[in-house]
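In what follows, a structure is listed as C-alpha cells, so that the remarks can point back to it.
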Amino acid sequence: MRPFDAEHAAKYDQTFAKLAPWAESLRLAAHCALAELPSEAHLLCVGAGTGAELAFFAEHFPGWRFTALDPSGAMLERCRVRMDEGGFVERCTYHEGYLDDLTTTETFDGATSLLVSQFVVDRTRRVDFFRQIRNRVRPGAPLVTADLCLGRAQGGRALVPLWQQAWRYAGIPEERVRALETGALDEMLSIVTSEAYASLLTEAGWQEPVQVFQAVMMHGWATTA
Ligand SMILES: C[S@@+](CC[C@H](N)C(=O)[O-])C[C@H]1O[C@@H](n2cnc3c(N)ncnc32)[C@H](O)[C@@H]1O
C-alpha cells in the first residue's frame, strides 16, 4: 500500500475514525476562521482527500462553491461520492493534480490545506506550495492550514510520545507508531516546530499566522494573504 493509493483511500476514513473528534474540532476552528467570507465565496481546497472538510463547509455555507484539488485520483473519487451523496454536486469542481497544473485563472476568496503540506518534505518546495496557494487567492483572503507540528518544550519532541499514544488508540500498527520516533517516516512526512511552521507561511508571503487549534501534534493555523 502506497500513501493515498486506492487501497489507502478505501481505508482512510476508517483508519482515523477514532481520532474523528479532533478532525471535527479542527473543522470547527476552520469554520470560525472562514465565517466572514462572502455568502457566495469560492474556496480552494488543497489536498481535499476524501472530502471531509468540503462536505462540512458545503453544509454550513450553502452559497459557497469549491475547487477540490488532490493528486490522488482514488482520494478525490471518494470526495466526489461524498459531495454527490450530500447533494452538493453542482457546487464543486475537481482537479486531480497539483497546484502547478491547476489551469483555472479564477482568483479564490479563501483556501484550506488540512493535513497536506507535511507531505511536501523538501523545505523549499513546501514554501513554494504555500506561495502557490497565496498566488491563487485575492488580497486579504484567508487560508486555514493544519499539519502535525512538534511542541515547544524539550527541544520540540515532547509531543511525540503523546501522538504515538493517539495512533495506538486509533489502531495504527505498532511498526508505524514506532517509526514516528525512529525517523523512518522522514522520507514521506516533514514535522517541524510551530515556529518553523509559521516561518514557512511568512516566507511564502502570508501574514503572520495565528494558531487556532491544537490536539497534541495536530496544529491548525489561520492567516491572510
Ligand atoms: C492526510 S490527507 C488529508 C485529507 C483532508 N484534507 C482531510 O483533512 O481529511 C492528505 C491529502 O493531501 C494530498 N496531497 C499530498 N501531497 C499533496 C500536494 N503536494 N498537493 C496537494 N495535495 C497533496 C493527498 O493525496 C491526500 O489526499
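Residue numbering restarts at 1 for every chain of the C-alpha cells, chains are lettered A, B, ... in their displayed order, and ligands are numbered from 1 as they appear.
Every residue having at least one atom no farther than 6 Å from ligand 1 is included below, with only C-alpha atoms and all ligand atoms taken into account: A:Phe4, A:Val46, A:Gly47, A:Ala48, A:Gly49, A:Ala52, A:Asp70, A:Pro71, A:Ser72, A:Met75, A:Tyr98, A:Leu114, A:Leu115, A:Val116, A:Phe119, A:Val120.
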Could you dump the residues just selected with all heavy atoms as an mmCIF file, in the first residue's frame?
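Just written: selection_30.cif:
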```
data_model
loop_
_atom_site.group_PDB
_atom_site.id
_atom_site.type_symbol
_atom_site.label_atom_id
_atom_site.label_comp_id
_atom_site.auth_asym_id
_atom_site.auth_seq_id
_atom_site.Cartn_x
_atom_site.Cartn_y
_atom_site.Cartn_z
ATOM 1 N N PHE A 4 -2.071 7.140 -0.033
ATOM 2 C CA PHE A 4 -3.195 7.682 -0.800
ATOM 3 C C PHE A 4 -3.459 6.959 -2.121
ATOM 4 O O PHE A 4 -4.070 7.517 -3.025
ATOM 5 C CB PHE A 4 -3.030 9.205 -0.994
ATOM 6 C CG PHE A 4 -2.678 9.900 0.294
ATOM 7 C CD1 PHE A 4 -1.464 10.546 0.463
ATOM 8 C CD2 PHE A 4 -3.565 9.859 1.372
ATOM 9 C CE1 PHE A 4 -1.136 11.141 1.673
ATOM 10 C CE2 PHE A 4 -3.242 10.455 2.585
ATOM 11 C CZ PHE A 4 -2.026 11.103 2.729
ATOM 12 N N VAL A 46 -7.113 22.563 -1.007
ATOM 13 C CA VAL A 46 -5.906 21.873 -1.486
ATOM 14 C C VAL A 46 -5.705 20.605 -0.662
ATOM 15 O O VAL A 46 -5.708 20.656 0.569
ATOM 16 C CB VAL A 46 -4.674 22.806 -1.359
ATOM 17 C CG1 VAL A 46 -3.426 22.113 -1.883
ATOM 18 C CG2 VAL A 46 -4.919 24.114 -2.097
ATOM 19 N N GLY A 47 -5.543 19.476 -1.348
ATOM 20 C CA GLY A 47 -5.436 18.202 -0.639
ATOM 21 C C GLY A 47 -6.768 17.836 -0.013
ATOM 22 O O GLY A 47 -6.869 17.514 1.175
ATOM 23 N N ALA A 48 -7.804 17.861 -0.831
ATOM 24 C CA ALA A 48 -9.176 17.651 -0.325
ATOM 25 C C ALA A 48 -9.385 16.248 0.236
ATOM 26 O O ALA A 48 -10.297 16.024 1.032
ATOM 27 C CB ALA A 48 -10.182 17.923 -1.450
ATOM 28 N N GLY A 49 -8.570 15.296 -0.184
ATOM 29 C CA GLY A 49 -8.690 13.938 0.334
ATOM 30 C C GLY A 49 -10.062 13.351 0.064
ATOM 31 O O GLY A 49 -10.623 13.483 -1.032
ATOM 32 N N ALA A 52 -13.843 15.352 3.668
ATOM 33 C CA ALA A 52 -14.484 15.624 4.963
ATOM 34 C C ALA A 52 -14.727 17.119 5.167
ATOM 35 O O ALA A 52 -15.832 17.528 5.546
ATOM 36 C CB ALA A 52 -13.633 15.062 6.093
ATOM 37 N N ASP A 70 -6.548 17.461 -5.562
ATOM 38 C CA ASP A 70 -5.797 16.389 -4.902
ATOM 39 C C ASP A 70 -5.089 15.563 -5.986
ATOM 40 O O ASP A 70 -5.708 15.224 -6.991
ATOM 41 C CB ASP A 70 -6.718 15.484 -4.076
ATOM 42 C CG ASP A 70 -5.967 14.751 -2.970
ATOM 43 O OD1 ASP A 70 -5.092 13.914 -3.309
ATOM 44 O OD2 ASP A 70 -6.208 15.054 -1.783
ATOM 45 N N PRO A 71 -3.808 15.243 -5.771
ATOM 46 C CA PRO A 71 -3.106 14.424 -6.774
ATOM 47 C C PRO A 71 -3.560 12.967 -6.774
ATOM 48 O O PRO A 71 -3.269 12.235 -7.735
ATOM 49 C CB PRO A 71 -1.629 14.526 -6.358
ATOM 50 C CG PRO A 71 -1.651 14.921 -4.921
ATOM 51 C CD PRO A 71 -2.909 15.704 -4.705
ATOM 52 N N SER A 72 -4.231 12.531 -5.733
ATOM 53 C CA SER A 72 -4.669 11.135 -5.656
ATOM 54 C C SER A 72 -6.078 10.995 -6.239
ATOM 55 O O SER A 72 -7.055 11.447 -5.633
ATOM 56 C CB SER A 72 -4.653 10.647 -4.204
ATOM 57 O OG SER A 72 -5.439 9.480 -4.082
ATOM 58 N N MET A 75 -8.435 9.185 -3.767
ATOM 59 C CA MET A 75 -8.974 10.013 -2.682
ATOM 60 C C MET A 75 -10.040 10.954 -3.243
ATOM 61 O O MET A 75 -11.116 11.130 -2.659
ATOM 62 C CB MET A 75 -7.851 10.830 -2.017
ATOM 63 C CG MET A 75 -6.791 10.005 -1.290
ATOM 64 S SD MET A 75 -7.370 9.216 0.241
ATOM 65 C CE MET A 75 -7.154 10.526 1.431
ATOM 66 N N TYR A 98 -1.832 18.753 -9.081
ATOM 67 C CA TYR A 98 -1.154 19.641 -8.128
ATOM 68 C C TYR A 98 -1.500 21.100 -8.430
ATOM 69 O O TYR A 98 -2.113 21.408 -9.458
ATOM 70 C CB TYR A 98 0.366 19.428 -8.240
ATOM 71 C CG TYR A 98 0.800 18.056 -7.790
ATOM 72 C CD1 TYR A 98 0.841 16.985 -8.685
ATOM 73 C CD2 TYR A 98 1.151 17.815 -6.467
ATOM 74 C CE1 TYR A 98 1.233 15.716 -8.268
ATOM 75 C CE2 TYR A 98 1.552 16.555 -6.043
ATOM 76 C CZ TYR A 98 1.589 15.506 -6.948
ATOM 77 O OH TYR A 98 1.960 14.255 -6.526
ATOM 78 N N LEU A 114 -5.690 21.169 4.787
ATOM 79 C CA LEU A 114 -5.728 20.491 6.092
ATOM 80 C C LEU A 114 -4.963 19.171 6.028
ATOM 81 O O LEU A 114 -5.358 18.239 5.322
ATOM 82 C CB LEU A 114 -7.182 20.270 6.534
ATOM 83 C CG LEU A 114 -8.051 21.535 6.651
ATOM 84 C CD1 LEU A 114 -9.418 21.207 7.252
ATOM 85 C CD2 LEU A 114 -7.359 22.627 7.455
ATOM 86 N N LEU A 115 -3.844 19.128 6.732
ATOM 87 C CA LEU A 115 -3.008 17.928 6.853
ATOM 88 C C LEU A 115 -2.430 17.516 5.507
ATOM 89 O O LEU A 115 -2.449 16.341 5.140
ATOM 90 C CB LEU A 115 -3.818 16.790 7.512
ATOM 91 C CG LEU A 115 -4.408 17.181 8.882
ATOM 92 C CD1 LEU A 115 -5.416 16.156 9.362
ATOM 93 C CD2 LEU A 115 -3.303 17.380 9.918
ATOM 94 N N VAL A 116 -1.902 18.506 4.789
ATOM 95 C CA VAL A 116 -1.397 18.267 3.426
ATOM 96 C C VAL A 116 0.081 18.649 3.296
ATOM 97 O O VAL A 116 0.903 17.843 2.838
ATOM 98 C CB VAL A 116 -2.238 19.075 2.399
ATOM 99 C CG1 VAL A 116 -1.728 18.829 0.980
ATOM 100 C CG2 VAL A 116 -3.704 18.725 2.507
ATOM 101 N N PHE A 119 3.317 16.550 3.755
ATOM 102 C CA PHE A 119 3.789 15.548 2.791
ATOM 103 C C PHE A 119 4.718 16.152 1.731
ATOM 104 O O PHE A 119 5.224 15.436 0.875
ATOM 105 C CB PHE A 119 2.586 14.857 2.118
ATOM 106 C CG PHE A 119 1.734 14.118 3.112
ATOM 107 C CD1 PHE A 119 0.495 14.597 3.497
ATOM 108 C CD2 PHE A 119 2.199 12.946 3.705
ATOM 109 C CE1 PHE A 119 -0.274 13.937 4.442
ATOM 110 C CE2 PHE A 119 1.437 12.275 4.651
ATOM 111 C CZ PHE A 119 0.193 12.770 5.024
ATOM 112 N N VAL A 120 4.905 17.462 1.783
ATOM 113 C CA VAL A 120 5.881 18.119 0.902
ATOM 114 C C VAL A 120 7.148 18.254 1.746
ATOM 115 O O VAL A 120 7.325 19.223 2.494
ATOM 116 C CB VAL A 120 5.359 19.487 0.410
ATOM 117 C CG1 VAL A 120 6.349 20.099 -0.568
ATOM 118 C CG2 VAL A 120 3.978 19.335 -0.230
#
```
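Every protein or nucleic acid residue with an atom no more than 12 Å from Ala198 in chain A, counting only C-alpha atoms and leaving out same-chain residues fewer than 6 positions away, appears here: Val127, Phe130, Thr145, Ala146, Asp147, Cys149, Val192, Ala204, Gly205, Trp206, Gln207, Glu208, Pro209, Val210, Gln211, His219, Gly220, Trp221, Ala222 and Thr223 of chain A.
By chain and then residue number, the residues within 12 Å of Leu162 in chain A are A:Leu150, A:Gly151, A:Arg157, A:Ala158, A:Leu159, A:Gln165, A:Ala166, A:Trp167, A:Arg168, A:Tyr169, A:Val177, A:Leu180, A:Glu181, A:Ala215, A:Val216, A:Met217, A:Met218, counting only C-alpha atoms and disregarding those fewer than 3 positions away in sequence.
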Selection export as a PDB file, in the first residue's frame, atoms kept: N, CA and C atoms:
```
ATOM      1  N   LEU A 150       5.764  19.804  15.917  1.00  0.00           N
ATOM      2  CA  LEU A 150       6.383  19.446  17.196  1.00  0.00           C
ATOM      3  C   LEU A 150       6.036  20.513  18.225  1.00  0.00           C
ATOM      4  N   GLY A 151       6.113  20.145  19.479  1.00  0.00           N
ATOM      5  CA  GLY A 151       5.831  21.126  20.529  1.00  0.00           C
ATOM      6  C   GLY A 151       7.007  22.056  20.746  1.00  0.00           C
ATOM      7  N   ARG A 157      10.373  17.773  21.059  1.00  0.00           N
ATOM      8  CA  ARG A 157       9.997  16.355  20.937  1.00  0.00           C
ATOM      9  C   ARG A 157       8.947  15.933  21.962  1.00  0.00           C
ATOM     10  N   ALA A 158       8.520  16.871  22.829  1.00  0.00           N
ATOM     11  CA  ALA A 158       7.670  16.492  23.960  1.00  0.00           C
ATOM     12  C   ALA A 158       6.340  15.873  23.535  1.00  0.00           C
ATOM     13  N   LEU A 159       5.830  16.264  22.377  1.00  0.00           N
ATOM     14  CA  LEU A 159       4.505  15.776  21.978  1.00  0.00           C
ATOM     15  C   LEU A 159       4.554  14.433  21.264  1.00  0.00           C
ATOM     16  N   GLN A 165       0.672   7.639  21.323  1.00  0.00           N
ATOM     17  CA  GLN A 165      -0.476   7.056  22.042  1.00  0.00           C
ATOM     18  C   GLN A 165      -1.773   7.271  21.261  1.00  0.00           C
ATOM     19  N   ALA A 166      -1.870   8.437  20.630  1.00  0.00           N
ATOM     20  CA  ALA A 166      -3.077   8.712  19.826  1.00  0.00           C
ATOM     21  C   ALA A 166      -3.173   7.707  18.679  1.00  0.00           C
ATOM     22  N   TRP A 167      -2.067   7.438  18.031  1.00  0.00           N
ATOM     23  CA  TRP A 167      -2.069   6.473  16.920  1.00  0.00           C
ATOM     24  C   TRP A 167      -2.383   5.053  17.429  1.00  0.00           C
ATOM     25  N   ARG A 168      -1.842   4.704  18.603  1.00  0.00           N
ATOM     26  CA  ARG A 168      -2.176   3.384  19.178  1.00  0.00           C
ATOM     27  C   ARG A 168      -3.671   3.302  19.455  1.00  0.00           C
ATOM     28  N   TYR A 169      -4.206   4.375  20.031  1.00  0.00           N
ATOM     29  CA  TYR A 169      -5.642   4.435  20.338  1.00  0.00           C
ATOM     30  C   TYR A 169      -6.467   4.259  19.059  1.00  0.00           C
ATOM     31  N   VAL A 177       3.722   3.231  14.401  1.00  0.00           N
ATOM     32  CA  VAL A 177       3.776   4.095  15.599  1.00  0.00           C
ATOM     33  C   VAL A 177       5.236   4.341  15.979  1.00  0.00           C
ATOM     34  N   LEU A 180       7.547   6.826  14.030  1.00  0.00           N
ATOM     35  CA  LEU A 180       7.479   8.263  14.348  1.00  0.00           C
ATOM     36  C   LEU A 180       8.708   8.722  15.126  1.00  0.00           C
ATOM     37  N   GLU A 181       9.250   7.845  15.986  1.00  0.00           N
ATOM     38  CA  GLU A 181      10.400   8.263  16.794  1.00  0.00           C
ATOM     39  C   GLU A 181      11.731   7.860  16.167  1.00  0.00           C
ATOM     40  N   ALA A 215      -4.468  19.725  18.827  1.00  0.00           N
ATOM     41  CA  ALA A 215      -4.764  18.473  19.513  1.00  0.00           C
ATOM     42  C   ALA A 215      -3.471  17.664  19.453  1.00  0.00           C
ATOM     43  N   VAL A 216      -2.732  17.655  20.540  1.00  0.00           N
ATOM     44  CA  VAL A 216      -1.412  17.036  20.631  1.00  0.00           C
ATOM     45  C   VAL A 216      -0.536  17.590  19.489  1.00  0.00           C
ATOM     46  N   MET A 217      -0.221  16.794  18.467  1.00  0.00           N
ATOM     47  CA  MET A 217       0.653  17.326  17.404  1.00  0.00           C
ATOM     48  C   MET A 217      -0.119  17.973  16.253  1.00  0.00           C
ATOM     49  N   MET A 218      -1.409  17.788  16.219  1.00  0.00           N
ATOM     50  CA  MET A 218      -2.192  18.364  15.114  1.00  0.00           C
ATOM     51  C   MET A 218      -2.425  19.850  15.412  1.00  0.00           C
TER      52      MET A 218
END
```
Those in range 62-178 of chain A with helix (DSSP H, G or I) from DSSP, as a ChimeraX atom specification: /A:73-85,89-91,99-101,117-119,123-136,154-156,160-170,174-178
Would you export the selected residues with C-alpha atoms as a short mmCIF file (atom, residue, chain, number, x, y, z; two decimals), in the first residue's frame, please?
```cif
data_model
loop_
_atom_site.label_atom_id
_atom_site.label_comp_id
_atom_site.auth_asym_id
_atom_site.auth_seq_id
_atom_site.Cartn_x
_atom_site.Cartn_y
_atom_site.Cartn_z
CA GLY A 73 -7.46 10.10 -8.01
CA ALA A 74 -8.60 7.47 -5.51
CA MET A 75 -8.97 10.01 -2.68
CA LEU A 76 -10.66 12.53 -4.98
CA GLU A 77 -13.14 9.93 -6.22
CA ARG A 78 -14.25 9.35 -2.62
CA CYS A 79 -14.56 13.09 -2.19
CA ARG A 80 -16.76 13.27 -5.29
CA VAL A 81 -19.03 10.47 -4.00
CA ARG A 82 -19.34 12.18 -0.60
CA MET A 83 -20.24 15.51 -2.21
CA ASP A 84 -22.75 13.84 -4.54
CA GLU A 85 -24.37 12.00 -1.63
CA VAL A 89 -22.82 18.06 -6.86
CA GLU A 90 -23.38 21.42 -8.57
CA ARG A 91 -21.09 23.35 -6.27
CA LEU A 99 -1.25 23.43 -7.79
CA ASP A 100 1.33 23.56 -10.63
CA ASP A 101 -1.16 22.16 -13.12
CA SER A 117 1.81 20.35 3.40
CA GLN A 118 3.50 17.90 5.78
CA PHE A 119 3.79 15.55 2.79
CA ARG A 123 11.52 22.79 2.67
CA THR A 124 11.95 24.91 -0.47
CA ARG A 125 9.12 23.05 -2.18
CA ARG A 126 6.96 23.38 0.91
CA VAL A 127 7.40 27.17 0.95
CA ASP A 128 6.58 27.12 -2.77
CA PHE A 129 3.45 25.05 -2.04
CA PHE A 130 2.18 27.81 0.26
CA ARG A 131 3.33 30.54 -2.18
CA GLN A 132 1.33 28.91 -4.97
CA ILE A 133 -1.80 28.95 -2.81
CA ARG A 134 -1.05 32.61 -1.99
CA ASN A 135 -0.86 33.40 -5.71
CA ARG A 136 -4.29 31.88 -6.31
CA GLN A 154 12.00 19.60 25.40
CA GLY A 155 13.61 20.54 22.11
CA GLY A 156 10.31 20.12 20.34
CA VAL A 160 5.82 12.79 20.04
CA PRO A 161 5.12 10.14 22.74
CA LEU A 162 1.60 11.54 23.16
CA TRP A 163 0.95 11.39 19.42
CA GLN A 164 2.19 7.79 19.43
CA GLN A 165 -0.48 7.06 22.04
CA ALA A 166 -3.08 8.71 19.83
CA TRP A 167 -2.07 6.47 16.92
CA ARG A 168 -2.18 3.38 19.18
CA TYR A 169 -5.64 4.44 20.34
CA ALA A 170 -6.68 4.75 16.68
CA GLU A 174 2.84 -0.61 16.15
CA GLU A 175 5.57 -0.63 13.49
CA ARG A 176 4.22 2.64 12.11
CA VAL A 177 3.78 4.09 15.60
CA ARG A 178 7.45 3.40 16.37
#
```
Spatial neighbours of Phe57 in chain A, max dist 12 Å, only C-alpha atoms, sep filter under 3 positions, as a PyMOL selection string: chain A and resi 24+27-35+37+39+41-45+48+51-54+60-66+83+86+88+91-92+111-112
How would you write, as a CSV table (one decimal) with all heavy atoms, in the first residue's frame, the set of residues in range 62-107 of chain A that DSSP gives as strand (DSSP E)?
```csv
chain,number,residue,atom,x,y,z
A,65,ARG,N,-19.0,28.0,-3.4
A,65,ARG,CA,-18.6,27.0,-4.4
A,65,ARG,C,-17.2,26.5,-4.0
A,65,ARG,O,-16.4,27.2,-3.3
A,65,ARG,CB,-18.5,27.6,-5.8
A,65,ARG,CG,-19.9,27.9,-6.3
A,65,ARG,CD,-19.8,28.6,-7.7
A,65,ARG,NE,-19.1,29.9,-7.6
A,65,ARG,CZ,-18.0,30.2,-8.3
A,65,ARG,NH1,-17.5,29.4,-9.1
A,65,ARG,NH2,-17.4,31.4,-8.1
A,66,PHE,N,-16.8,25.4,-4.6
A,66,PHE,CA,-15.5,24.8,-4.2
A,66,PHE,C,-14.7,24.3,-5.4
A,66,PHE,O,-15.3,23.8,-6.3
A,66,PHE,CB,-15.7,23.6,-3.2
A,66,PHE,CG,-16.6,24.0,-2.0
A,66,PHE,CD1,-17.9,23.8,-2.1
A,66,PHE,CD2,-16.0,24.5,-0.9
A,66,PHE,CE1,-18.7,24.1,-1.0
A,66,PHE,CE2,-16.8,24.8,0.2
A,66,PHE,CZ,-18.2,24.6,0.1
A,67,THR,N,-13.4,24.5,-5.3
A,67,THR,CA,-12.5,23.7,-6.2
A,67,THR,C,-11.7,22.8,-5.3
A,67,THR,O,-11.0,23.2,-4.4
A,67,THR,CB,-11.6,24.6,-7.0
A,67,THR,OG1,-12.4,25.4,-7.9
A,67,THR,CG2,-10.5,23.9,-7.8
A,68,ALA,N,-11.9,21.5,-5.5
A,68,ALA,CA,-11.2,20.4,-4.7
A,68,ALA,C,-10.0,19.9,-5.5
A,68,ALA,O,-10.2,19.4,-6.6
A,68,ALA,CB,-12.2,19.3,-4.4
A,69,LEU,N,-8.8,20.0,-4.9
A,69,LEU,CA,-7.6,19.6,-5.6
A,69,LEU,C,-6.9,18.5,-4.9
A,69,LEU,O,-6.8,18.6,-3.6
A,69,LEU,CB,-6.7,20.9,-5.7
A,69,LEU,CG,-5.3,20.7,-6.3
A,69,LEU,CD1,-4.9,22.1,-6.9
A,69,LEU,CD2,-4.2,20.2,-5.4
A,70,ASP,N,-6.5,17.5,-5.6
A,70,ASP,CA,-5.8,16.4,-4.9
A,70,ASP,C,-5.1,15.6,-6.0
A,70,ASP,O,-5.7,15.2,-7.0
A,70,ASP,CB,-6.7,15.5,-4.1
A,70,ASP,CG,-6.0,14.8,-3.0
A,70,ASP,OD1,-5.1,13.9,-3.3
A,70,ASP,OD2,-6.2,15.1,-1.8
A,92,CYS,N,-19.2,21.9,-6.8
A,92,CYS,CA,-17.8,21.6,-6.6
A,92,CYS,C,-17.1,21.2,-8.0
A,92,CYS,O,-17.7,20.5,-8.8
A,92,CYS,CB,-17.6,20.4,-5.6
A,92,CYS,SG,-15.9,20.2,-5.2
A,93,THR,N,-15.9,21.7,-8.2
A,93,THR,CA,-15.1,21.4,-9.4
A,93,THR,C,-13.9,20.6,-8.8
A,93,THR,O,-13.4,21.0,-7.8
A,93,THR,CB,-14.6,22.7,-10.1
A,93,THR,OG1,-15.8,23.4,-10.4
A,93,THR,CG2,-13.9,22.3,-11.3
A,94,TYR,N,-13.5,19.6,-9.6
A,94,TYR,CA,-12.5,18.7,-9.1
A,94,TYR,C,-11.2,18.8,-10.0
A,94,TYR,O,-11.3,18.9,-11.2
A,94,TYR,CB,-12.9,17.2,-9.1
A,94,TYR,CG,-14.1,17.1,-8.2
A,94,TYR,CD1,-15.4,17.2,-8.7
A,94,TYR,CD2,-14.0,16.8,-6.8
A,94,TYR,CE1,-16.5,17.1,-7.9
A,94,TYR,CE2,-15.1,16.7,-6.0
A,94,TYR,CZ,-16.4,16.8,-6.5
A,94,TYR,OH,-17.5,16.8,-5.7
A,95,HIS,N,-10.1,18.8,-9.3
A,95,HIS,CA,-8.8,18.9,-10.1
A,95,HIS,C,-7.9,17.7,-9.6
A,95,HIS,O,-7.4,17.8,-8.4
A,95,HIS,CB,-8.1,20.2,-10.0
A,95,HIS,CG,-6.7,20.2,-10.6
A,95,HIS,ND1,-6.6,20.1,-12.0
A,95,HIS,CD2,-5.5,20.3,-10.1
A,95,HIS,CE1,-5.3,20.1,-12.3
A,95,HIS,NE2,-4.6,20.2,-11.1
A,96,GLU,N,-7.7,16.7,-10.4
A,96,GLU,CA,-6.8,15.6,-10.0
A,96,GLU,C,-5.4,16.0,-10.4
A,96,GLU,O,-5.1,15.9,-11.6
A,96,GLU,CB,-7.2,14.3,-10.6
A,96,GLU,CG,-6.4,13.1,-10.2
A,96,GLU,CD,-6.7,11.8,-10.9
A,96,GLU,OE1,-7.9,11.6,-11.2
A,96,GLU,OE2,-5.8,11.0,-11.0
```
